[in-house]
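**Q** My structure file start_12.pdb, PDB, C-alpha atoms and all ligand atoms, is below:
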```pdb
ATOM      1  CA  MET A   1      11.979 -18.658  17.936
ATOM      2  CA  THR A   2      15.413 -18.113  16.345
ATOM      3  CA  SER A   3      15.444 -17.030  12.716
ATOM      4  CA  ASP A   4      16.825 -20.407  11.471
ATOM      5  CA  ILE A   5      14.014 -22.274  13.183
ATOM      6  CA  ARG A   6      11.407 -19.811  11.954
ATOM      7  CA  LEU A   7      12.606 -20.120   8.350
ATOM      8  CA  ALA A   8      12.671 -23.933   8.558
ATOM      9  CA  ASP A   9       9.170 -23.899  10.039
ATOM     10  CA  LEU A  10       7.775 -21.620   7.284
ATOM     11  CA  CYS A  11       9.370 -23.783   4.572
ATOM     12  CA  ALA A  12       8.118 -27.032   6.140
ATOM     13  CA  ARG A  13       4.557 -25.783   6.578
ATOM     14  CA  HIS A  14       3.958 -23.776   3.431
ATOM     15  CA  GLY A  15       6.959 -23.912   1.079
ATOM     16  CA  GLY A  16       6.493 -25.361  -2.392
ATOM     17  CA  THR A  17       2.751 -24.547  -2.553
ATOM     18  CA  ALA A  18       2.026 -22.815  -5.832
ATOM     19  CA  GLY A  19       5.612 -21.707  -6.507
ATOM     20  CA  LEU A  20       6.190 -20.292  -3.033
ATOM     21  CA  VAL A  21       9.698 -20.061  -1.521
ATOM     22  CA  PHE A  22      10.697 -18.389   1.760
ATOM     23  CA  ARG A  23      13.996 -16.706   2.396
ATOM     24  CA  GLU A  24      15.617 -14.678   5.125
ATOM     25  CA  GLY A  25      16.892 -11.372   3.813
ATOM     26  CA  PRO A  26      19.007  -8.526   5.151
ATOM     27  CA  ALA A  27      18.742  -7.823   8.889
ATOM     28  CA  GLY A  28      16.657 -10.934   9.555
ATOM     29  CA  LEU A  29      13.513  -9.986   7.630
ATOM     30  CA  PHE A  30      11.547 -12.843   6.039
ATOM     31  CA  PHE A  31      10.300 -12.803   2.478
ATOM     32  CA  ALA A  32       7.830 -14.975   0.576
ATOM     33  CA  ASP A  33       8.778 -15.188  -3.118
ATOM     34  CA  VAL A  34       6.183 -16.496  -5.568
ATOM     35  CA  THR A  35       6.734 -17.544  -9.156
ATOM     36  CA  ASN A  36       3.717 -19.025 -10.901
ATOM     37  CA  ARG A  37       2.606 -19.200 -14.522
ATOM     38  CA  HIS A  38       1.354 -15.595 -14.442
ATOM     39  CA  ALA A  39       3.859 -13.518 -12.504
ATOM     40  CA  HIS A  40       6.731 -13.088 -10.035
ATOM     41  CA  ALA A  41       6.007 -11.488  -6.672
ATOM     42  CA  CYS A  42       7.639 -10.896  -3.318
ATOM     43  CA  VAL A  43       5.961 -10.219   0.026
ATOM     44  CA  CYS A  44       7.864  -9.134   3.138
ATOM     45  CA  LEU A  45       6.404 -10.698   6.295
ATOM     46  CA  GLN A  46       7.182  -7.492   8.159
ATOM     47  CA  GLY A  47       4.151  -5.343   7.443
ATOM     48  CA  ALA A  48       2.685  -8.002   5.079
ATOM     49  CA  GLN A  49       4.122  -5.664   2.480
ATOM     50  CA  VAL A  50       3.978  -6.693  -1.166
ATOM     51  CA  LEU A  51       7.308  -5.416  -2.547
ATOM     52  CA  HIS A  52       7.214  -6.756  -6.073
ATOM     53  CA  TRP A  53       4.701  -7.933  -8.665
ATOM     54  CA  GLN A  54       5.579  -8.379 -12.308
ATOM     55  CA  PRO A  55       3.391 -10.328 -14.716
ATOM     56  CA  HIS A  56       5.578 -12.298 -17.156
ATOM     57  CA  ASP A  57       4.402 -10.166 -20.092
ATOM     58  CA  GLN A  58       5.649  -6.938 -18.462
ATOM     59  CA  ALA A  59       9.156  -5.620 -19.159
ATOM     60  CA  HIS A  60       9.082  -3.609 -15.910
ATOM     61  CA  PRO A  61       7.763  -4.310 -12.403
ATOM     62  CA  VAL A  62       4.311  -2.840 -11.767
ATOM     63  CA  LEU A  63       5.262  -1.782  -8.239
ATOM     64  CA  TRP A  64       8.072   0.642  -7.446
ATOM     65  CA  LEU A  65      10.539  -0.172  -4.678
ATOM     66  CA  SER A  66      13.071   2.509  -3.756
ATOM     67  CA  ALA A  67      16.703   1.557  -4.365
ATOM     68  CA  GLY A  68      17.283   3.405  -1.061
ATOM     69  CA  ALA A  69      14.621   1.480   0.900
ATOM     70  CA  ARG A  70      15.642   0.520   4.441
ATOM     71  CA  LEU A  71      15.068  -3.194   4.920
ATOM     72  CA  ALA A  72      15.345  -3.460   8.690
ATOM     73  CA  PRO A  73      13.182  -4.639  11.582
ATOM     74  CA  GLY A  74      10.756  -1.944  12.735
ATOM     75  CA  LYS A  75      11.498   0.412   9.805
ATOM     76  CA  ALA A  76       8.898   1.373   7.206
ATOM     77  CA  ILE A  77       9.942   0.160   3.749
ATOM     78  CA  ARG A  78       9.707   2.755   0.964
ATOM     79  CA  GLY A  79       7.896   1.097  -1.918
ATOM     80  CA  GLY A  80       5.593  -1.755  -2.846
ATOM     81  CA  ILE A  81       2.309  -1.717  -0.904
ATOM     82  CA  PRO A  82       2.714  -0.575   2.710
ATOM     83  CA  ILE A  83      -0.400  -1.102   4.836
ATOM     84  CA  CYS A  84      -1.409   2.065   6.685
ATOM     85  CA  TRP A  85      -3.456   0.842   9.654
ATOM     86  CA  PRO A  86      -5.108   1.516  12.136
ATOM     87  CA  TRP A  87      -4.616   5.102  11.107
ATOM     88  CA  PHE A  88      -3.725   6.914   7.914
ATOM     89  CA  GLY A  89      -1.544  10.024   8.343
ATOM     90  CA  PRO A  90      -0.078  11.378  11.549
ATOM     91  CA  ALA A  91      -2.883  10.687  14.035
ATOM     92  CA  ALA A  92      -5.386   8.018  15.058
ATOM     93  CA  PRO A  93      -9.034   8.923  14.308
ATOM     94  CA  GLY A  94     -10.524  11.013  17.089
ATOM     95  CA  SER A  95      -7.098  11.992  18.433
ATOM     96  CA  ALA A  96      -6.221  15.673  18.210
ATOM     97  CA  GLN A  97      -2.531  14.974  18.651
ATOM     98  CA  PRO A  98      -0.170  13.203  16.256
ATOM     99  CA  GLN A  99       0.927   9.814  17.591
ATOM    100  CA  ALA A 100       4.481   9.227  18.803
ATOM    101  CA  ALA A 101       7.223  10.239  16.368
ATOM    102  CA  GLY A 102       7.885   7.601  13.726
ATOM    103  CA  SER A 103       4.393   6.136  13.847
ATOM    104  CA  ALA A 104       2.792   7.992  10.941
ATOM    105  CA  HIS A 105       0.379   5.716   9.048
ATOM    106  CA  GLY A 106       0.001   3.378  12.032
ATOM    107  CA  PHE A 107       1.967   0.379  13.220
ATOM    108  CA  ALA A 108       0.795  -2.441  10.914
ATOM    109  CA  ARG A 109       3.514  -1.674   8.366
ATOM    110  CA  THR A 110       6.342  -2.175  10.857
ATOM    111  CA  GLN A 111       5.045  -5.240  12.744
ATOM    112  CA  ALA A 112       6.018  -8.850  12.032
ATOM    113  CA  TRP A 113       2.876 -10.549  10.669
ATOM    114  CA  SER A 114       2.286 -14.274  10.875
ATOM    115  CA  PHE A 115       2.047 -16.329   7.720
ATOM    116  CA  ASN A 116      -1.287 -18.100   7.709
ATOM    117  CA  GLY A 117      -1.249 -20.238   4.582
ATOM    118  CA  ALA A 118      -0.874 -20.433   0.821
ATOM    119  CA  GLN A 119      -3.233 -21.798  -1.785
ATOM    120  CA  ALA A 120      -2.874 -22.660  -5.467
ATOM    121  CA  LEU A 121      -5.986 -21.424  -7.297
ATOM    122  CA  ALA A 122      -7.530 -23.226 -10.271
ATOM    123  CA  ASP A 123      -6.435 -20.500 -12.730
ATOM    124  CA  GLY A 124      -2.777 -20.850 -11.685
ATOM    125  CA  ALA A 125      -2.779 -17.847  -9.327
ATOM    126  CA  THR A 126      -1.338 -18.096  -5.807
ATOM    127  CA  ARG A 127      -3.135 -16.812  -2.724
ATOM    128  CA  LEU A 128      -1.217 -15.944   0.444
ATOM    129  CA  CYS A 129      -2.801 -15.187   3.782
ATOM    130  CA  LEU A 130      -1.092 -13.139   6.521
ATOM    131  CA  ARG A 131      -2.376 -12.084   9.902
ATOM    132  CA  LEU A 132      -1.742  -9.571  12.669
ATOM    133  CA  THR A 133      -3.452  -9.542  16.064
ATOM    134  CA  ASP A 134      -3.051  -7.204  19.018
ATOM    135  CA  THR A 135      -0.113  -7.596  21.391
ATOM    136  CA  VAL A 136       1.132  -5.751  24.467
ATOM    137  CA  GLN A 137       3.136  -3.539  22.086
ATOM    138  CA  THR A 138       0.201  -2.665  19.790
ATOM    139  CA  ARG A 139      -2.082  -1.997  22.774
ATOM    140  CA  GLU A 140       0.475   0.512  24.088
ATOM    141  CA  ALA A 141       0.237   2.399  20.781
ATOM    142  CA  TRP A 142      -3.521   1.882  20.342
ATOM    143  CA  PRO A 143      -5.670   0.300  23.052
ATOM    144  CA  ALA A 144      -7.821  -2.066  20.978
ATOM    145  CA  ALA A 145      -8.288  -5.779  20.371
ATOM    146  CA  PHE A 146      -8.266  -6.705  16.679
ATOM    147  CA  ASP A 147      -7.665  -9.356  14.093
ATOM    148  CA  LEU A 148      -6.279  -8.048  10.809
ATOM    149  CA  GLU A 149      -5.988 -10.365   7.821
ATOM    150  CA  LEU A 150      -4.452  -9.733   4.409
ATOM    151  CA  ARG A 151      -5.169 -12.027   1.481
ATOM    152  CA  VAL A 152      -2.905 -11.437  -1.510
ATOM    153  CA  THR A 153      -3.796 -13.072  -4.820
ATOM    154  CA  ILE A 154      -0.878 -13.156  -7.252
ATOM    155  CA  GLY A 155      -1.840 -13.850 -10.833
ATOM    156  CA  ALA A 156      -2.274 -11.989 -14.106
ATOM    157  CA  SER A 157      -3.835  -9.361 -11.850
ATOM    158  CA  LEU A 158      -2.870  -8.599  -8.258
ATOM    159  CA  GLY A 159      -5.598  -8.644  -5.605
ATOM    160  CA  LEU A 160      -5.393  -7.561  -1.970
ATOM    161  CA  GLU A 161      -8.155  -7.930   0.613
ATOM    162  CA  LEU A 162      -7.537  -6.376   4.016
ATOM    163  CA  THR A 163     -10.102  -7.455   6.619
ATOM    164  CA  SER A 164     -10.224  -5.656   9.963
ATOM    165  CA  ARG A 165     -12.154  -7.379  12.756
ATOM    166  CA  ASN A 166     -12.928  -5.919  16.162
ATOM    167  CA  THR A 167     -12.305  -8.726  18.675
ATOM    168  CA  GLY A 168     -12.740  -6.495  21.746
ATOM    169  CA  SER A 169     -15.742  -5.211  23.663
ATOM    170  CA  ALA A 170     -15.525  -1.513  22.733
ATOM    171  CA  VAL A 171     -16.202   0.251  19.421
ATOM    172  CA  ILE A 172     -13.039   0.946  17.405
ATOM    173  CA  MET A 173     -12.475   3.632  14.779
ATOM    174  CA  ILE A 174      -9.905   3.170  12.054
ATOM    175  CA  THR A 175      -8.526   4.959   9.038
ATOM    176  CA  GLU A 176      -6.448   2.931   6.602
ATOM    177  CA  ALA A 177      -4.861   2.683   3.164
ATOM    178  CA  LEU A 178      -3.174   0.266   0.815
ATOM    179  CA  HIS A 179      -0.394   2.748   0.037
ATOM    180  CA  THR A 180       0.612   1.454  -3.385
ATOM    181  CA  TYR A 181       3.736   2.791  -5.108
ATOM    182  CA  PHE A 182       3.435   2.243  -8.869
ATOM    183  CA  ARG A 183       6.478   2.116 -11.154
ATOM    184  CA  ILE A 184       6.066   4.644 -13.990
ATOM    185  CA  GLY A 185       8.232   5.876 -16.882
ATOM    186  CA  ASP A 186       8.411   9.500 -15.686
ATOM    187  CA  ILE A 187       6.179  11.636 -13.451
ATOM    188  CA  ASP A 188       6.000  14.388 -16.126
ATOM    189  CA  ALA A 189       4.434  12.012 -18.639
ATOM    190  CA  ILE A 190       1.714  10.218 -16.674
ATOM    191  CA  ALA A 191      -1.923  11.100 -15.950
ATOM    192  CA  VAL A 192      -4.380   9.575 -13.492
ATOM    193  CA  HIS A 193      -7.884   9.221 -14.962
ATOM    194  CA  GLY A 194     -11.148   8.496 -13.153
ATOM    195  CA  LEU A 195     -11.114  11.162 -10.446
ATOM    196  CA  ALA A 196     -12.665  14.053 -12.424
ATOM    197  CA  GLY A 197     -15.445  15.758 -10.453
ATOM    198  CA  GLU A 198     -14.327  14.270  -7.107
ATOM    199  CA  SER A 199     -13.571  16.634  -4.232
ATOM    200  CA  TYR A 200     -10.230  16.454  -2.502
ATOM    201  CA  PHE A 201      -8.223  17.722   0.433
ATOM    202  CA  ASP A 202      -4.965  19.215  -0.794
ATOM    203  CA  ALA A 203      -2.271  18.500   1.811
ATOM    204  CA  VAL A 204       0.331  20.578  -0.061
ATOM    205  CA  ALA A 205      -1.941  23.672  -0.013
ATOM    206  CA  ALA A 206      -2.852  23.024   3.642
ATOM    207  CA  THR A 207       0.834  22.874   4.627
ATOM    208  CA  ALA A 208       1.536  26.101   2.769
ATOM    209  CA  ALA A 209      -1.435  27.855   4.448
ATOM    210  CA  ALA A 210      -1.036  29.792   7.695
ATOM    211  CA  PRO A 211      -0.848  27.559  10.786
ATOM    212  CA  ALA A 212      -4.299  26.390  11.877
ATOM    213  CA  ALA A 213      -5.824  27.425   8.541
ATOM    214  CA  SER A 214      -7.338  24.553   6.659
ATOM    215  CA  ALA A 215      -7.357  24.492   2.882
ATOM    216  CA  GLU A 216     -10.800  24.552   1.274
ATOM    217  CA  PRO A 217     -11.750  21.273  -0.428
ATOM    218  CA  ALA A 218     -11.085  21.470  -4.164
ATOM    219  CA  GLU A 219     -12.751  19.644  -7.047
ATOM    220  CA  GLN A 220     -10.743  17.667  -9.596
ATOM    221  CA  GLU A 221     -10.964  18.928 -13.159
ATOM    222  CA  GLY A 222      -9.974  16.385 -15.800
ATOM    223  CA  ALA A 223      -7.070  14.007 -15.262
ATOM    224  CA  VAL A 224      -4.568  14.402 -12.408
ATOM    225  CA  ARG A 225      -1.167  15.575 -13.659
ATOM    226  CA  PHE A 226       1.987  16.349 -11.730
ATOM    227  CA  PRO A 227       3.575  19.770 -12.228
ATOM    228  CA  GLY A 228       5.176  19.542  -8.741
ATOM    229  CA  GLU A 229       4.527  17.890  -5.375
ATOM    230  CA  VAL A 230       1.015  16.387  -5.224
ATOM    231  CA  ASP A 231      -0.493  15.093  -1.981
ATOM    232  CA  ARG A 232      -4.278  14.774  -2.139
ATOM    233  CA  VAL A 233      -6.969  12.777  -0.392
ATOM    234  CA  TYR A 234      -9.979  12.370  -2.709
ATOM    235  CA  ASP A 235     -13.455  11.372  -1.584
ATOM    236  CA  ALA A 236     -13.811   8.666  -4.217
ATOM    237  CA  ARG A 237     -15.391   5.205  -4.100
ATOM    238  CA  GLY A 238     -14.692   4.225  -7.706
ATOM    239  CA  GLY A 239     -11.577   2.961  -9.459
ATOM    240  CA  CYS A 240      -9.171   4.856 -11.672
ATOM    241  CA  HIS A 241      -6.256   4.201 -14.001
ATOM    242  CA  ILE A 242      -2.814   5.591 -14.715
ATOM    243  CA  ASP A 243      -1.819   6.231 -18.331
ATOM    244  CA  ASP A 244       1.914   5.770 -18.784
ATOM    245  CA  PRO A 245       2.949   6.574 -22.381
ATOM    246  CA  LEU A 246       6.685   6.017 -21.739
ATOM    247  CA  LEU A 247       6.199   2.443 -20.526
ATOM    248  CA  GLY A 248       3.302   2.008 -22.990
ATOM    249  CA  ARG A 249       0.836   0.771 -20.404
ATOM    250  CA  GLN A 250      -2.256   1.556 -18.384
ATOM    251  CA  LEU A 251      -2.371   0.532 -14.728
ATOM    252  CA  HIS A 252      -5.964  -0.168 -13.684
ATOM    253  CA  ILE A 253      -7.090   0.120 -10.089
ATOM    254  CA  ALA A 254     -10.438  -1.388  -9.043
ATOM    255  CA  LYS A 255     -11.481  -1.229  -5.408
ATOM    256  CA  SER A 256     -14.241  -1.835  -2.886
ATOM    257  CA  GLY A 257     -14.803  -0.953   0.771
ATOM    258  CA  SER A 258     -12.926   2.290   0.124
ATOM    259  CA  ALA A 259     -14.252   5.854   0.239
ATOM    260  CA  SER A 260     -10.878   7.582  -0.257
ATOM    261  CA  THR A 261      -8.223   7.630  -2.968
ATOM    262  CA  ILE A 262      -4.905   9.226  -2.084
ATOM    263  CA  VAL A 263      -2.579  10.490  -4.823
ATOM    264  CA  TRP A 264       1.001  11.360  -3.886
ATOM    265  CA  ASN A 265       4.320  12.222  -5.457
ATOM    266  CA  PRO A 266       6.871  13.966  -3.203
ATOM    267  CA  TRP A 267       8.822  15.769  -5.956
ATOM    268  CA  ASN A 268      12.523  16.485  -5.417
ATOM    269  CA  ALA A 269      12.730  18.475  -2.152
ATOM    270  CA  LYS A 270      10.470  16.202  -0.101
ATOM    271  CA  ALA A 271      12.068  13.080  -1.630
ATOM    272  CA  GLU A 272      15.438  14.337  -0.433
ATOM    273  CA  ARG A 273      14.069  15.054   3.056
ATOM    274  CA  LEU A 274      12.620  11.554   3.330
ATOM    275  CA  GLY A 275      16.135  10.144   2.986
ATOM    276  CA  ASP A 276      15.246   6.705   1.596
ATOM    277  CA  ILE A 277      14.691   7.558  -2.066
ATOM    278  CA  GLU A 278      17.674   7.409  -4.405
ATOM    279  CA  PRO A 279      18.490  10.630  -6.352
ATOM    280  CA  GLY A 280      15.870  11.075  -9.084
ATOM    281  CA  GLY A 281      13.994   7.927  -7.949
ATOM    282  CA  TRP A 282      10.851   9.943  -7.203
ATOM    283  CA  ARG A 283      10.394  10.586 -10.946
ATOM    284  CA  GLN A 284       9.666   6.897 -11.500
ATOM    285  CA  MET A 285       6.970   6.487  -8.855
ATOM    286  CA  VAL A 286       3.452   7.574  -8.119
ATOM    287  CA  CYS A 287       1.315   6.497  -5.190
ATOM    288  CA  VAL A 288      -2.360   5.903  -5.913
ATOM    289  CA  GLU A 289      -3.686   4.595  -2.625
ATOM    290  CA  SER A 290      -7.064   3.049  -1.836
ATOM    291  CA  GLY A 291      -8.378   3.498   1.658
ATOM    292  CA  ASN A 292     -10.595   5.262   4.143
ATOM    293  CA  ALA A 293      -8.986   8.472   5.333
ATOM    294  CA  ARG A 294      -9.795  11.748   7.111
ATOM    295  CA  ALA A 295     -13.610  11.923   7.602
ATOM    296  CA  ASN A 296     -14.120   8.501   5.977
ATOM    297  CA  THR A 297     -13.422   6.726   9.244
ATOM    298  CA  VAL A 298     -14.483   3.092   9.570
ATOM    299  CA  ARG A 299     -16.452   2.381  12.752
ATOM    300  CA  LEU A 300     -16.326  -1.206  13.962
ATOM    301  CA  ALA A 301     -18.706  -2.357  16.685
ATOM    302  CA  PRO A 302     -17.545  -5.306  18.827
ATOM    303  CA  GLY A 303     -17.444  -8.415  16.623
ATOM    304  CA  ALA A 304     -17.859  -6.404  13.393
ATOM    305  CA  SER A 305     -15.487  -6.531  10.439
ATOM    306  CA  HIS A 306     -14.702  -4.468   7.365
ATOM    307  CA  CYS A 307     -12.955  -5.456   4.131
ATOM    308  CA  LEU A 308     -10.925  -3.045   1.998
ATOM    309  CA  SER A 309      -9.961  -4.602  -1.306
ATOM    310  CA  VAL A 310      -8.139  -3.674  -4.495
ATOM    311  CA  ARG A 311      -7.361  -5.354  -7.780
ATOM    312  CA  TYR A 312      -4.637  -4.128 -10.128
ATOM    313  CA  HIS A 313      -4.152  -5.102 -13.737
ATOM    314  CA  VAL A 314      -2.101  -3.825 -16.636
ATOM    315  CA  LYS A 315      -3.243  -3.127 -20.188
ATOM    316  CA  PRO A 316      -1.218  -1.888 -23.159
ATOM    317  CA  LEU A 317      -1.645   1.856 -23.766
ATOM    318  CA  ARG A 318      -2.714   2.300 -27.376
ATOM    319  CA  THR A 319      -1.350   5.374 -29.146
ATOM    320  CA  GLY A 320      -3.846   8.205 -28.830
ATOM    321  CA  ALA A 321      -5.544   6.638 -25.768
ATOM    322  CA  ALA A 322      -3.798   8.911 -23.250
TER     323      ALA A 322
HETATM  324  C1  LIG A 401       1.122   9.667   1.694
HETATM  325  C2  LIG A 401       0.743  10.938   2.409
HETATM  326  O1  LIG A 401       0.048   8.788   1.754
HETATM  327  O2  LIG A 401       2.239   9.070   2.358
HETATM  328  C3  LIG A 401       1.936  11.875   2.408
HETATM  329  O3  LIG A 401      -0.365  11.524   1.745
HETATM  330  C4  LIG A 401       3.139  11.192   3.055
HETATM  331  O4  LIG A 401       1.619  13.066   3.129
HETATM  332  C5  LIG A 401       3.385   9.881   2.307
HETATM  333  O5  LIG A 401       4.271  12.024   2.970
HETATM  334  C6  LIG A 401       4.580   9.070   2.826
HETATM  335  O6  LIG A 401       4.466   8.829   4.182
HETATM  336  P1  LIG A 401       5.616   8.066   4.947
HETATM  337  O7  LIG A 401       5.203   8.040   6.393
HETATM  338  O8  LIG A 401       5.692   6.674   4.345
HETATM  339  O9  LIG A 401       6.892   8.829   4.689
END
```
Would you give me this structure, written as structure tokens?
Ligand code: BG6
**A**
Amino acid sequence: MTSDIRLADLCARHGGTAGLVFREGPAGLFFADVTNRHAHACVCLQGAQVLHWQPHDQAHPVLWLSAGARLAPGKAIRGGIPICWPWFGPAAPGSAQPQAAGSAHGFARTQAWSFNGAQALADGATRLCLRLTDTVQTREAWPAAFDLELRVTIGASLGLELTSRNTGSAVIMITEALHTYFRIGDIDAIAVHGLAGESYFDAVAATAAAPAASAEPAEQEGAVRFPGEVDRVYDARGGCHIDDPLLGRQLHIAKSGSASTIVWNPWNAKAERLGDIEPGGWRQMVCVESGNARANTVRLAPGASHCLSVRYHVKPLRTGAA
């Protein structure tokens, strides 16, 4: 289908529902823009990636999108909520070797998803449904039959439900994450609360260790702060929140179907190496990701499904609450 026909088809089938407009952006990517009585949002159909969500009472977007993000077919977009699936990190579960170069965090974030419908909810929120199923290309990267559905609910809060279904005849193992980039005032000023006492794998310490050495799991004491690069995978099933005194807000993260929370900020040297973050842009972002990573693999028998879900909402940060 040519891009003109595809855009016309999307608009004819779903446009206008609950403040939904489609547009074709740079390099032929498609975007679903939503404006309803609660918020503005934008979802890129490549990767089913939410790029923007800003409730009308917020002076700043809640999600961070790099000014240097590459918006191009087949390229991972730096910011918003990339979907890491069917593996989180460099390798598929059970595989000793990293996958092919460029496929860290799986292929779902660089595939074109289909748009499966929009719904206006009674409270004025808008729900979008996107879907990805296996193709010749995905089976080359990962030999499994699946049906992956993302439901995004855009309102005063933002909800995402990612349902993985095994449509094949063999067991499949997945790791996954909703890799959310939050917009913050400055990385020096924020703190992530709710992870105290949880054990974590420290990827920065593991990289610094001798080859083949694995860093001992550590236990979180108090709030997570950022004196430098932080890259940690926590074993944590509960939610958490980010206190941001400069923007005067708390970002609350509730989740279910998730046994891992990943906290990441690249700091300056890694941000420069990544090549798609504008100078100093890393100071205004923190990733707090909800997923199932490392040993928290999800096993799906034929016909079985699993739902990973998150809900984000913003509260004012009262003085002295940090
Ligand atoms: C985080 C990982 O989830 O994603 C980091 O913990 C990684 O190790 C980061 O660097 C970004 O990954 P990518 O593939 O989007 O550059």
**Q** Out of A:Leu10, A:Ile172, A:Ala295, A:Leu121, which residue has the shortest atom-to-atom distance to Pro143 in chain A when counting only C-alpha atoms?
**A** A:Ile172
**Q** Using all atoms listed in the file, find each residue with an atom at most 6 Å away from ligand LIG 401 (chain A) and format the answer as number ranges by chain.
**A** A: 104-105, 231, 264
**Q** With distances taken over all atoms listed in the file, which of A:Ser95, A:Gln54, A:Thr133, A:Thr17 is nearest to Ser114 in chain A?
**A**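 Of A:Ser95, A:Gln54, A:Thr133, A:Thr17, the one nearest Ser114 in chain A, counting all atoms listed in the file, is A:Thr133.
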**Q** Would you kindly return, as a ChimeraX atom specification, each protein, DNA or RNA residue with an atom no farther than 10 Å from any atom of Asn292 in chain A, considering only C-alpha atoms and excluding same-chain residues fewer than 5 positions away?
**A** /A:87-88,174-178,233-237,257-262,297-298,308
**Q** Would you kindly translate the PyMOL selection byres (((chain A and resi 188-196) around 6) and not hetatm) into the concrete residues it picks from this file, as number ranges by chain?
**A** A: 186-187, 197-198, 220-225, 240-244
**Q** Can you measure CA of Asn36 in chain A to CA of Gln119 in chain A for me? One decimal in Å is fine.
**A**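 For CA of Asn36 in chain A relative to CA of Gln119 in chain A, the distance reads 11.8 Å.
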**Q** Taking the file as shown, find all residues satisfying the PyMOL selection byres (((chain A and resi 7) around 8) and not hetatm) and write them as a ChimeraX atom specification.
**A** /A:3-6,8-11,22-24,30
**Q** Please fill the gaps in range 239-244 of chain A so it has all heavy atoms, and write that as a CSV table (one decimal), in the frame of the given file.
**A**
```csv
chain,number,residue,atom,x,y,z
A,239,GLY,N,-13.0,3.2,-9.1
A,239,GLY,CA,-11.6,3.0,-9.5
A,239,GLY,C,-11.0,4.1,-10.3
A,239,GLY,O,-11.7,5.1,-10.6
A,240,CYS,N,-9.8,3.9,-10.8
A,240,CYS,CA,-9.2,4.9,-11.7
A,240,CYS,C,-8.1,4.1,-12.4
A,240,CYS,O,-7.9,2.9,-12.2
A,240,CYS,CB,-8.6,6.0,-10.9
A,240,CYS,SG,-7.4,5.6,-9.6
A,241,HIS,N,-7.4,4.8,-13.3
A,241,HIS,CA,-6.3,4.2,-14.0
A,241,HIS,C,-5.2,5.2,-14.3
A,241,HIS,O,-5.5,6.4,-14.4
A,241,HIS,CB,-6.7,3.4,-15.3
A,241,HIS,CG,-7.2,4.2,-16.4
A,241,HIS,ND1,-8.5,4.5,-16.6
A,241,HIS,CD2,-6.5,4.9,-17.4
A,241,HIS,CE1,-8.7,5.3,-17.6
A,241,HIS,NE2,-7.5,5.5,-18.2
A,242,ILE,N,-4.0,4.7,-14.4
A,242,ILE,CA,-2.8,5.6,-14.7
A,242,ILE,C,-2.4,5.3,-16.2
A,242,ILE,O,-2.2,4.2,-16.5
A,242,ILE,CB,-1.6,5.2,-13.8
A,242,ILE,CG1,-2.0,5.3,-12.3
A,242,ILE,CG2,-0.4,6.1,-14.1
A,242,ILE,CD1,-1.1,4.7,-11.3
A,243,ASP,N,-2.3,6.4,-17.0
A,243,ASP,CA,-1.8,6.2,-18.3
A,243,ASP,C,-0.3,6.5,-18.3
A,243,ASP,O,0.1,7.6,-17.8
A,243,ASP,CB,-2.5,7.2,-19.3
A,243,ASP,CG,-3.8,6.7,-19.8
A,243,ASP,OD1,-4.2,5.5,-19.5
A,243,ASP,OD2,-4.6,7.5,-20.4
A,244,ASP,N,0.5,5.6,-18.8
A,244,ASP,CA,1.9,5.8,-18.8
A,244,ASP,C,2.4,5.6,-20.2
A,244,ASP,O,2.8,4.5,-20.6
A,244,ASP,CB,2.5,4.7,-17.8
A,244,ASP,CG,4.0,4.9,-17.7
A,244,ASP,OD1,4.6,5.6,-18.5
A,244,ASP,OD2,4.6,4.3,-16.7
```
